[in-house]
Amino acid sequence: MNSWLTKIFRRGEVDCNDVRRLSSDYLEDDLPEVKQSAIRTHLSNCGPCRAFVETLASTIGILSRLPRVSAPSSFKESVMNRIKRGD
Ligand SMILES: [Zn+2]
């Protein structure tokens, strides 16, 4: 592991287990800012945890809170069209 990554993980004090345990609190902004930012840092470095949190977020409908996630406009349009059509 790169030394800068090691520093981030030590300072952040969250590992994959912490992220998964705290993910619902994280998504609800229910953690101290130091933990929120530690988790954000972890998510930007850890694909599996990001996927885990994204799945959880989409399940509870707050996907917009996550960094670097946005629904493509074509997706939004198809949802809107479906709503207009009423099916
Ligand atoms: Zn992780």
# chains A, B, ... in the order shown; residues from 1 in each chain; ligands from 1
>>> residues_near_ligand(ligand="ligand 1", cutoff="7 Å", atoms="only C-alpha atoms and all ligand atoms", output="PyMOL selection string")
chain A and resi 15-16+19+42-43+46+48-49
>>> closest_residue(among="A:Leu22, A:Val53, A:Gly86, A:Gly47", to="Lys35 (chain A)", atoms="only C-alpha atoms")
A:Leu22
>>> atom_distance(atom1="CA of Glu33 (chain A)", atom2="CA of Ile60 (chain A)")
21.4 Å
>>> select_by_dssp(residues="region 9-50 of chain A", states="helix (DSSP H, G or I)", output="VMD selection string")
chain A and resid 9 to 12 16 to 27 33 to 45 47 to 50
>>> closest_residue(among="A:Ser23, A:Asn17, A:Pro32, A:Met80", to="Glu54 (chain A)", atoms="only C-alpha atoms")
A:Ser23
>>> closest_residue(among="A:Val14, A:Arg85, A:Gly61, A:Ser24", to="Ser37 (chain A)", atoms="only C-alpha atoms")
A:Val14
